[in-house]
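Engineer: I'm passing along input11.cif; it holds mmCIF, C-alpha atoms.
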data_protein
loop_
_atom_site.label_atom_id
_atom_site.label_comp_id
_atom_site.auth_asym_id
_atom_site.auth_seq_id
_atom_site.Cartn_x
_atom_site.Cartn_y
_atom_site.Cartn_z
CA MET A 1106 49.52 53.88 12.26
CA GLU A 1107 52.11 51.09 12.06
CA VAL A 1108 51.22 47.61 10.85
CA GLY A 1109 51.80 46.33 14.40
CA GLY A 1110 49.23 48.81 15.67
CA LEU A 1111 46.66 47.40 13.26
CA LEU A 1112 47.29 43.81 14.31
CA PRO A 1113 44.70 43.80 17.17
CA TYR A 1114 42.08 45.14 14.75
CA LEU A 1115 42.96 42.56 12.15
CA THR A 1116 42.77 39.80 14.76
CA THR A 1117 39.38 40.98 16.01
CA GLY A 1118 38.15 41.44 12.45
CA ALA A 1119 39.24 37.91 11.49
CA LEU A 1120 37.51 36.45 14.54
CA ALA A 1121 34.33 38.43 13.85
CA PHE A 1122 34.42 37.20 10.25
CA MET A 1123 34.77 33.59 11.41
CA TRP A 1124 31.89 33.91 13.89
CA GLY A 1125 29.69 35.43 11.23
CA LEU A 1126 30.60 32.70 8.78
CA VAL A 1127 29.80 29.96 11.28
CA GLU A 1128 26.48 31.60 12.02
CA LEU A 1129 25.64 31.81 8.33
CA ALA A 1130 26.64 28.16 7.86
CA GLN A 1131 24.39 27.07 10.71
CA THR A 1132 21.44 29.07 9.49
CA PHE A 1133 21.66 28.38 5.76
CA GLU A 1134 23.16 24.90 6.00
CA SER A 1135 21.45 23.46 2.94
CA ASP A 1136 22.04 26.51 0.74
CA LEU A 1137 25.30 27.82 2.12
CA GLY A 1138 27.05 28.41 -1.20
CA ARG A 1139 24.22 30.47 -2.59
CA ALA A 1140 23.67 32.24 0.74
CA LEU A 1141 27.30 33.33 0.79
CA ARG A 1142 27.02 34.66 -2.74
CA SER A 1143 24.15 36.90 -1.67
CA ARG A 1144 25.17 40.52 -1.09
CA TRP A 1145 23.23 40.48 2.19
CA ALA A 1146 25.65 37.86 3.50
CA LEU A 1147 28.47 40.28 2.78
CA VAL A 1148 26.52 43.09 4.46
CA PHE A 1149 26.03 40.86 7.50
CA LEU A 1150 29.72 39.91 7.67
CA ALA A 1151 30.81 43.52 7.20
CA GLY A 1152 28.35 44.70 9.87
CA ASN A 1153 29.56 42.05 12.27
CA ILE A 1154 33.18 43.05 11.73
CA GLY A 1155 32.32 46.75 11.94
CA LEU A 1156 30.40 46.42 15.21
CA THR A 1157 33.18 44.37 16.81
CA GLY A 1158 35.71 46.93 15.58
CA ILE A 1159 33.70 49.75 17.22
CA VAL A 1160 33.74 47.89 20.55
CA LEU A 1161 37.49 47.40 20.28
CA VAL A 1162 38.04 51.08 19.44
CA MET A 1163 35.92 52.14 22.44
CA LEU A 1164 37.87 49.91 24.80
CA ASP A 1165 41.15 50.93 23.19
CA LEU A 1166 40.36 54.59 23.77
CA ALA A 1167 39.09 54.04 27.31
CA PHE A 1168 42.22 52.27 28.55
CA SER A 1169 45.83 53.02 27.64
CA LEU A 1170 47.30 49.58 27.07
CA ASP A 1171 50.62 48.36 25.72
CA PHE A 1172 50.85 46.27 22.56
CA ARG A 1173 50.64 42.88 24.32
CA GLN A 1174 47.63 43.93 26.36
CA ARG A 1175 45.94 45.34 23.25
CA LEU A 1176 46.48 42.03 21.48
CA LEU A 1177 44.92 40.19 24.43
CA LEU A 1178 42.07 42.70 24.42
CA SER A 1179 41.51 42.05 20.71
CA LEU A 1180 41.24 38.30 21.39
CA LEU A 1181 38.89 38.97 24.28
CA VAL A 1182 36.66 41.15 22.11
CA GLY A 1183 36.92 38.74 19.17
CA PHE A 1184 35.75 35.81 21.27
CA GLY A 1185 33.97 37.32 24.27
CA TRP A 1186 32.00 40.08 22.60
CA GLN A 1187 30.98 37.81 19.76
CA ALA A 1188 29.84 35.14 22.22
CA LEU A 1189 27.94 37.77 24.18
CA LEU A 1190 26.17 38.95 21.04
CA ARG A 1191 24.90 35.45 20.41
CA THR A 1192 23.84 34.55 23.89
CA ARG A 1193 20.17 34.63 24.79
CA ILE A 1194 20.90 35.10 28.46
CA HIS A 1195 20.72 38.56 29.92
CA LEU A 1196 24.27 39.02 31.15
CA PHE A 1197 24.22 42.64 32.19
CA GLN A 1198 24.23 43.68 35.79
CA PRO A 1199 22.97 47.14 36.70
CA LEU A 1200 26.43 48.67 37.16
CA GLY A 1201 25.12 52.03 36.09
CA GLU A 1202 22.00 52.86 34.21
CA GLN A 1203 23.79 54.56 31.38
CA HIS A 1204 26.22 51.67 30.75
CA GLU A 1205 23.47 49.10 30.86
CA ALA A 1206 21.28 51.04 28.45
CA VAL A 1207 24.13 51.35 25.96
CA ALA A 1208 25.07 47.67 26.16
CA ILE A 1209 21.50 46.43 25.77
CA SER A 1210 20.77 48.73 22.89
CA ILE A 1211 23.87 47.50 21.05
CA LEU A 1212 22.76 43.88 21.57
CA ASP A 1213 19.27 44.75 20.44
CA LEU A 1214 20.62 46.59 17.44
CA TYR A 1215 22.78 43.63 16.48
CA ARG A 1216 19.85 41.21 16.71
CA ARG A 1217 17.67 43.45 14.61
CA PHE A 1218 20.44 43.82 12.07
CA GLN A 1219 21.00 40.05 12.00
CA ARG A 1220 17.28 39.33 11.57
CA PHE A 1221 17.09 41.88 8.79
CA CYS A 1222 20.03 40.29 6.92
CA TRP A 1223 18.62 36.77 7.45
CA ARG A 1224 15.29 37.80 6.01
CA ARG A 1225 16.94 39.36 2.98
CA ILE A 1226 19.15 36.32 2.34
CA ASP A 1227 16.15 34.05 2.80
CA GLN A 1228 14.12 36.05 0.32
CA ALA A 1229 16.91 36.05 -2.24
CA LEU A 1230 17.31 32.27 -1.94
CA ILE A 1231 13.59 31.57 -2.17
CA VAL A 1232 13.10 33.88 -5.14
CA GLU A 1233 15.94 32.10 -6.97
CA ARG A 1234 14.46 28.70 -6.19
CA ILE A 1235 11.01 29.72 -7.37
CA ALA A 1236 12.43 31.18 -10.58
CA LEU A 1237 14.34 27.97 -11.30
CA LEU A 1238 11.29 25.84 -10.51
CA ASP A 1239 9.20 27.98 -12.80
CA TRP A 1240 11.78 27.63 -15.54
CA ALA A 1241 12.15 23.88 -15.11
CA SER A 1242 8.40 23.28 -15.03
CA ASN A 1243 8.26 24.43 -18.64
CA LEU A 1244 10.56 21.64 -19.82
CA PRO A 1245 9.04 18.76 -21.82
CA LEU A 1246 7.24 16.26 -19.61
CA ASP A 1247 9.06 13.27 -21.10
CA TYR A 1248 12.41 14.86 -20.39
CA LEU A 1249 11.46 15.53 -16.75
CA ARG A 1250 10.12 11.97 -16.38
CA HIS A 1251 13.35 10.63 -17.82
CA GLN A 1252 15.44 12.74 -15.39
CA TYR A 1253 13.34 11.55 -12.47
CA ARG A 1254 13.75 7.88 -13.44
CA LEU A 1255 17.44 8.37 -14.10
CA HIS A 1256 17.93 9.78 -10.65
CA ARG A 1257 15.88 7.05 -8.96
CA HIS A 1258 17.85 4.32 -10.72
CA ALA A 1259 21.25 5.98 -10.46
CA SER A 1260 20.98 6.56 -6.74
CA LEU A 1261 19.48 3.10 -6.08
CA LEU A 1262 17.00 4.76 -3.80
CA SER A 1263 14.58 2.50 -2.07
CA ASP A 1264 12.84 5.31 -0.16
CA PHE A 1265 9.10 5.56 -0.61
CA GLU A 1266 8.99 2.52 -2.88
CA GLN A 1267 5.55 1.60 -1.61
CA ARG A 1268 4.29 5.08 -2.44
CA GLU A 1269 5.86 5.32 -5.88
CA ALA A 1270 3.27 3.33 -7.85
CA GLU A 1271 0.43 5.28 -6.26
CA PHE A 1272 2.29 8.55 -6.91
CA TRP A 1273 2.63 7.82 -10.63
CA LYS A 1274 -0.96 6.71 -10.87
CA ARG A 1275 -2.26 9.90 -9.30
CA LEU A 1276 0.28 12.10 -11.08
CA SER A 1277 -0.82 10.84 -14.49
CA GLN A 1278 -4.36 11.98 -13.69
CA LEU A 1279 -3.25 15.59 -13.16
CA PRO A 1280 -3.07 18.20 -15.94
CA GLU A 1281 0.26 18.16 -17.77
CA GLY A 1282 1.40 21.48 -16.28
CA GLU A 1283 1.00 20.14 -12.75
CA GLN A 1284 2.79 16.93 -13.62
CA ARG A 1285 5.75 18.97 -14.85
CA LEU A 1286 5.64 21.11 -11.71
CA TYR A 1287 5.74 18.07 -9.40
CA LEU A 1288 8.59 16.45 -11.31
CA ALA A 1289 10.55 19.70 -11.40
CA ALA A 1290 9.96 20.13 -7.65
CA TYR A 1291 11.25 16.59 -7.06
CA LEU A 1292 14.42 17.39 -9.03
CA LEU A 1293 14.82 20.74 -7.25
CA ARG A 1294 14.75 18.91 -3.94
CA ILE A 1295 17.78 16.89 -5.04
CA GLY A 1296 19.63 20.17 -5.30
CA PHE A 1297 19.43 23.63 -6.79
CA ASP A 1298 22.59 23.08 -8.84
CA PHE A 1299 21.35 19.66 -9.94
CA LEU A 1300 18.16 21.11 -11.39
CA LYS A 1301 20.13 23.94 -12.96
CA GLU A 1302 22.21 21.32 -14.77
CA VAL A 1303 19.07 19.46 -15.83
CA VAL A 1304 17.69 22.69 -17.27
CA LYS A 1305 20.98 23.40 -19.05
CA ARG A 1306 21.03 19.99 -20.68
CA ALA A 1307 17.38 20.14 -21.69
CA PRO A 1308 16.72 19.76 -25.41
CA SER A 1309 16.35 23.04 -27.31
CA GLN A 1310 16.30 25.17 -24.16
CA GLY A 1311 19.89 24.73 -23.03
CA SER A 1312 21.18 27.81 -24.78
CA SER A 1313 18.80 30.17 -22.99
CA VAL A 1314 19.27 29.02 -19.43
CA ARG A 1315 19.47 31.83 -16.93
CA GLU A 1316 22.68 31.88 -14.97
CA MET B 295 -7.28 -13.33 47.48
CA SER B 296 -7.58 -14.25 43.90
CA GLU B 297 -8.61 -11.73 41.32
CA THR B 298 -10.22 -12.59 38.04
CA VAL B 299 -9.48 -10.31 35.14
CA LEU B 300 -11.93 -10.52 32.29
CA ALA B 301 -10.46 -9.38 29.03
CA SER B 302 -12.99 -7.83 26.66
CA PRO B 303 -13.19 -9.91 23.50
CA ARG B 304 -11.79 -8.49 20.29
CA LYS B 305 -14.06 -7.74 17.34
CA SER B 306 -12.55 -10.61 15.36
CA ASP B 307 -13.31 -13.07 18.22
CA LEU B 308 -16.84 -11.78 18.52
CA LEU B 309 -17.29 -12.17 14.80
CA GLU B 310 -16.18 -15.80 15.00
CA ILE B 311 -18.57 -16.49 17.89
CA VAL B 312 -21.50 -14.88 16.09
CA LYS B 313 -20.74 -16.80 12.90
CA THR B 314 -20.60 -20.10 14.81
CA LEU B 315 -23.88 -19.30 16.59
CA SER B 316 -25.44 -18.39 13.27
CA ASP B 317 -24.34 -21.73 11.76
CA VAL B 318 -25.67 -23.64 14.76
CA THR B 319 -28.99 -21.80 14.59
CA ARG B 320 -29.31 -22.48 10.88
CA LYS B 321 -28.72 -26.19 11.39
CA LEU B 322 -31.22 -26.25 14.26
CA SER B 323 -33.72 -24.39 12.14
CA GLU B 324 -33.29 -26.91 9.32
CA ILE B 325 -33.74 -29.86 11.69
CA THR B 326 -36.80 -28.28 13.32
CA ARG B 327 -38.32 -27.50 9.93
CA ALA B 328 -37.76 -31.10 8.78
CA LEU B 329 -39.36 -32.45 11.96
CA ALA B 330 -42.27 -30.05 11.67
CA ALA B 331 -42.81 -31.11 8.05
CA GLN B 332 -42.88 -34.78 9.10
CA ALA B 333 -45.40 -34.00 11.83
CA GLY B 334 -47.42 -31.88 9.39
CA GLU B 335 -47.54 -28.81 11.60
CA SER B 336 -45.50 -25.63 12.21
CA PRO B 337 -44.69 -25.13 15.92
CA PRO B 338 -43.69 -21.61 17.15
CA ALA B 339 -40.14 -22.88 17.80
CA VAL B 340 -39.55 -23.09 14.03
CA GLU B 341 -40.42 -19.43 13.53
CA ALA B 342 -38.40 -18.37 16.59
CA LEU B 343 -35.37 -20.21 15.26
CA ALA B 344 -35.77 -18.61 11.84
CA GLU B 345 -35.89 -15.16 13.49
CA SER B 346 -32.80 -15.94 15.56
CA GLU B 347 -31.02 -17.11 12.45
CA GLU B 348 -31.79 -13.81 10.70
CA ALA B 349 -30.77 -11.74 13.75
CA LEU B 350 -27.47 -13.58 14.03
CA ALA B 351 -26.79 -13.16 10.32
CA GLN B 352 -27.39 -9.41 10.70
CA ALA B 353 -25.10 -9.21 13.73
CA SER B 354 -22.46 -11.08 11.78
CA ARG B 355 -22.70 -8.63 8.85
CA HIS B 356 -22.56 -5.67 11.23
CA LEU B 357 -19.48 -7.02 12.98
CA SER B 358 -17.80 -7.71 9.65
CA MET B 359 -18.36 -4.10 8.64
CA LEU B 360 -17.02 -2.83 11.95
CA GLN B 361 -13.94 -4.99 11.62
CA GLU B 362 -13.34 -3.77 8.07
CA GLU B 363 -13.68 -0.16 9.19
CA GLU B 364 -11.26 -0.77 12.01
CA THR B 365 -8.74 -2.26 9.59
CA HIS B 366 -9.08 0.78 7.30
CA GLN B 367 -8.71 3.09 10.26
CA GLN B 368 -5.51 1.30 11.28
CA GLU B 369 -4.18 1.52 7.73
CA ARG B 370 -4.95 5.26 7.59
CA GLU B 371 -3.29 5.79 10.95
CA GLU B 372 -0.23 3.85 9.82
CA ALA B 373 -0.03 5.91 6.59
CA ARG B 374 -0.31 9.14 8.58
CA ARG B 375 2.46 8.04 10.95
CA LYS B 376 4.67 7.14 7.98
CA LEU B 377 3.99 10.51 6.36
CA ARG B 378 4.89 12.35 9.59
CA LYS B 379 8.13 10.43 9.80
CA ASP B 380 8.99 11.00 6.13
CA ILE B 381 8.34 14.74 6.42
CA LEU B 382 10.52 15.13 9.50
CA VAL B 383 13.34 13.00 8.10
CA GLU B 384 13.25 14.76 4.71
CA LEU B 385 13.39 18.21 6.33
CA SER B 386 16.25 17.11 8.54
CA ARG B 387 18.18 15.62 5.58
CA ARG B 388 17.82 18.42 3.06
CA GLY B 389 16.62 21.42 5.05
CA ARG B 390 13.61 23.65 4.58
CA ALA B 391 11.25 23.35 1.63
CA PHE B 392 8.11 24.69 -0.02
CA PRO B 393 5.06 22.45 0.42
CA LEU B 394 5.24 21.42 -3.26
CA GLU B 395 8.94 20.51 -3.00
CA LEU B 396 8.37 18.58 0.19
CA ALA B 397 5.41 16.68 -1.21
CA ALA B 398 7.28 15.79 -4.42
CA ALA B 399 10.37 14.71 -2.48
CA ILE B 400 8.43 12.12 -0.53
CA LEU B 401 6.37 11.11 -3.56
CA THR B 402 3.04 12.41 -2.43
CA PHE B 403 0.85 15.46 -3.03
CA VAL B 404 0.41 18.83 -1.36
CA GLU B 405 -3.16 18.07 -0.26
CA ASP B 406 -1.91 14.92 1.50
CA ILE B 407 0.79 16.62 3.52
CA GLU B 408 -1.18 19.76 4.46
CA PRO B 409 -3.13 18.27 7.41
CA VAL B 410 0.00 16.51 8.66
CA LEU B 411 1.98 19.77 8.47
CA ARG B 412 -0.67 21.59 10.46
CA GLU B 413 -0.52 18.85 13.07
CA LEU B 414 3.30 19.01 13.22
CA GLU B 415 3.15 22.79 13.51
CA LYS B 416 0.70 22.56 16.41
CA GLU B 417 3.06 20.15 18.15
CA GLY B 418 5.93 22.59 17.66
CA LEU B 419 7.95 20.25 15.44
CA VAL B 420 7.88 22.38 12.29
CA ARG B 421 7.58 26.08 11.62
CA ILE B 422 5.75 27.43 8.59
CA ARG B 423 6.97 30.86 7.54
CA ARG B 424 5.97 33.12 4.72
CA VAL B 425 8.99 34.21 2.71
CA ALA B 426 8.73 36.17 -0.54
CA GLY B 427 5.05 35.33 -0.77
CA THR B 428 5.44 31.58 -0.41
CA GLN B 429 5.25 29.17 2.50
CA VAL B 430 8.50 27.71 3.72
CA ILE B 431 8.53 24.76 6.08
CA GLU B 432 11.42 24.17 8.43
CA LEU B 433 12.16 22.10 11.49
CA THR B 434 12.18 23.63 14.94
CA PRO B 435 14.89 22.48 17.39
CA ARG B 436 12.31 20.04 18.82
CA GLY B 437 11.55 18.82 15.32
CA ARG B 438 15.26 18.25 14.67
CA ASP B 439 15.51 16.12 17.80
CA ALA B 440 12.43 14.15 16.78
CA ALA B 441 13.83 13.61 13.26
CA ARG B 442 17.16 12.44 14.66
CA HIS B 443 15.31 10.02 16.89
CA LEU B 444 13.17 8.73 14.01
CA ASN B 445 16.19 8.39 11.78
CA GLY B 446 17.86 6.29 14.45
CA LEU B 447 20.85 8.63 14.71
#
Represent the supplied structure as structure tokens.
Structural biologist:
Amino acid sequence: MEVGGLLPYLTTGALAFMWGLVELAQTFESDLGRALRSRWALVFLAGNIGLTGIVLVMLDLAFSLDFRQRLLLSLLVGFGWQALLRTRIHLFQPLGEQHEAVAISILDLYRRFQRFCWRRIDQALIVERIALLDWASNLPLDYLRHQYRLHRHASLLSDFEQREAEFWKRLSQLPEGEQRLYLAAYLLRIGFDFLKEVVKRAPSQGSSVRE
Amino acid sequence: MSETVLASPRKSDLLEIVKTLSDVTRKLSEITRALAAQAGESPPAVEALAESEEALAQASRHLSMLQEEETHQQEREEARRKLRKDILVELSRRGRAFPLELAAAILTFVEDIEPVLRELEKEGLVRIRRVAGTQVIELTPRGRDAARHLNGL
């Protein structure tokens, strides 16, 4: 096949990729970088592109169209089919039982596939977070306290000022392990990469930080 | 046609009234006792006044306690409202979290946020999911709207 013949597929593929990316960004907003690094994000993007490609192939085979029409068809599939996949409204009219059944099952399949990928990405992200929290909660308490104070002063945060004194009072009454856990959780909330840096810079443990 | 609306007195007003009555009764009791001592007898009015004085003192103590309880209740309610707001705003700012993360972020403890989270979940403002064996809290679309509103955006 000539390069020109592949252009509609490339166009549709690029649009499907963009749609998938936007969807990932909306769902994993706060952890987008890490979500995109997950292999399940790649599986999702590849599946999205593959499914859209199948629709384009089916339409391409069903109608004999010239190059310009095929290009328009690729845009239509890239935008229209992708929008249809993401709509919650039942758009299908009973044009024929067979057609309807096929269309609905593809939609259903896509949603199941999407949910499956989301769950896997979610799990991967959570497991990473828990592992980092676990790691950080073994750092020396003084170091964690210092990092907490540094962050509070550096960011000039005035949030929860009224609660802070009470928090420290109650925190100091907890066992040391729990104090470390709470402080590590506070630092994790600032950001996964932030806590990773804190762990890296920690005295005597920096060399063994998990990447 | 005129209509008279009688507002029910507040606890603090009632407390003031009872305290004043108690003071008046005490003074009256003192005067009556002094008069009775001069006359060398103890009329029943002296005892009645002493009883009234005691009853009013008790009512005053009771009202004080009620008022204190009401103040504590208001403080607790205010703290709960603040916690609800902080949870929603924090989730909207930095996305989903484990209970421990969320509690630490708003400088409180898991046991403090648990009842509030259950309440928010019942109202459909947050969703609590189990992912990889841990609870993850996230805002629902309604919760996002509420957080935006609270954040003044």
Engineer: On this file, the PyMOL selection byres ((chain A) within 10 of (chain B)) gives some set of residues; write that set as a ChimeraX atom specification.
Structural biologist: /A:1133-1136,1224-1225,1227-1232,1234-1235,1238,1264-1273,1275-1276,1286-1296
Engineer: If you count only C-alpha atoms, which residues fall within 12 Å of region 1167-1184 of chain A, apart from same-chain ones fewer than 3 positions away, as a PyMOL selection string?
Structural biologist: chain A and resi 1107-1125+1153-1164+1187-1191
Engineer: Around all listed atoms of region 1166-1183 of chain A, padded 3 Å per side, what centre and edge lengths does the axis-aligned box have in Å to one decimal, as AutoDock Vina command-line options?
Structural biologist:
--center_x 43.8 --center_y 46.4 --center_z 23.9 --size_x 20.2 --size_y 22.3 --size_z 15.4
Engineer: When you look at region 371-374 of chain B with a cut-off of 10 Å (counting all atoms listed in the file), what residues show up, excluding the ones that are within fewer than 6 positions of it in the same chain? I need them as a list in words.
Structural biologist: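 What passes the distance filter is Thr365, Asp380, Asp406, Ile407, Pro409 and Val410 of chain B.
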Engineer: Using only C-alpha atoms, pick whichever of A:Arg1285, A:Ala1307, A:Gln1219, A:Trp1186 has the shortest atom-to-atom distance to Ala1151 (chain A).
Structural biologist: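 Of A:Arg1285, A:Ala1307, A:Gln1219, A:Trp1186, the one nearest Ala1151 (chain A) is A:Gln1219, counting only C-alpha atoms.
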Engineer: Evaluate the PyMOL selection byres ((chain B and resi 358) around 12) here and jot the selected residues down as a list in words.
Structural biologist: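 Applied to this file, the PyMOL selection byres ((chain B and resi 358) around 12) selects Lys305, Ser306, Asp307, Leu308, Leu309, Glu310, Val312, Lys313, Ala351, Gln352, Ala353, Ser354, Arg355, His356, Leu357, Met359, Leu360, Gln361, Glu362, Glu363, Glu364 and Thr365 of chain B.
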Engineer: Name all residues at most 7 Å from region 1141-1148 of chain A (count all atoms listed in the file; drop same-chain ones fewer than 2 positions away) and give them as a list in words.
Structural biologist: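 Answer for this query is Leu1137, Gly1138, Arg1139, Leu1150, Ala1151, Gly1152, Cys1222, Arg1225 and Ile1226 of chain A.
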Engineer: Kindly resolve the PyMOL selection byres ((chain B and resi 314-327) around 9) on the present coordinates and return the residues as an NGL selection string.
Structural biologist: :B and (309-313 or 328-332 or 336-337 or 339-344 or 346-351 or 354)
Engineer: Do you have the CA of Arg1250 (chain A)-CA of Ile422 (chain B) distance handy?
Structural biologist: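 Interatomic distance, CA of Arg1250 (chain A) to CA of Ile422 (chain B): 29.7 Å.
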Engineer: CA of Gly418 (chain B) and CA of Ile381 (chain B) are how many Å apart?
Structural biologist: 13.9 Å
Engineer: Would you mind telling me which residue in A:Leu1166, A:Ala1140, A:Val1303, A:Leu1126 lies nearest to Leu1255 (chain A) when using only C-alpha atoms?
Structural biologist: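 With only C-alpha atoms as the atom set, the closest residue is A:Val1303.
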Engineer: Can you work out the spacing between CA of His1256 (chain A) and CA of Gly437 (chain B) in Å, to one decimal?
Structural biologist: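 So the two atoms, CA of His1256 (chain A) and CA of Gly437 (chain B), lie 28.2 Å apart.
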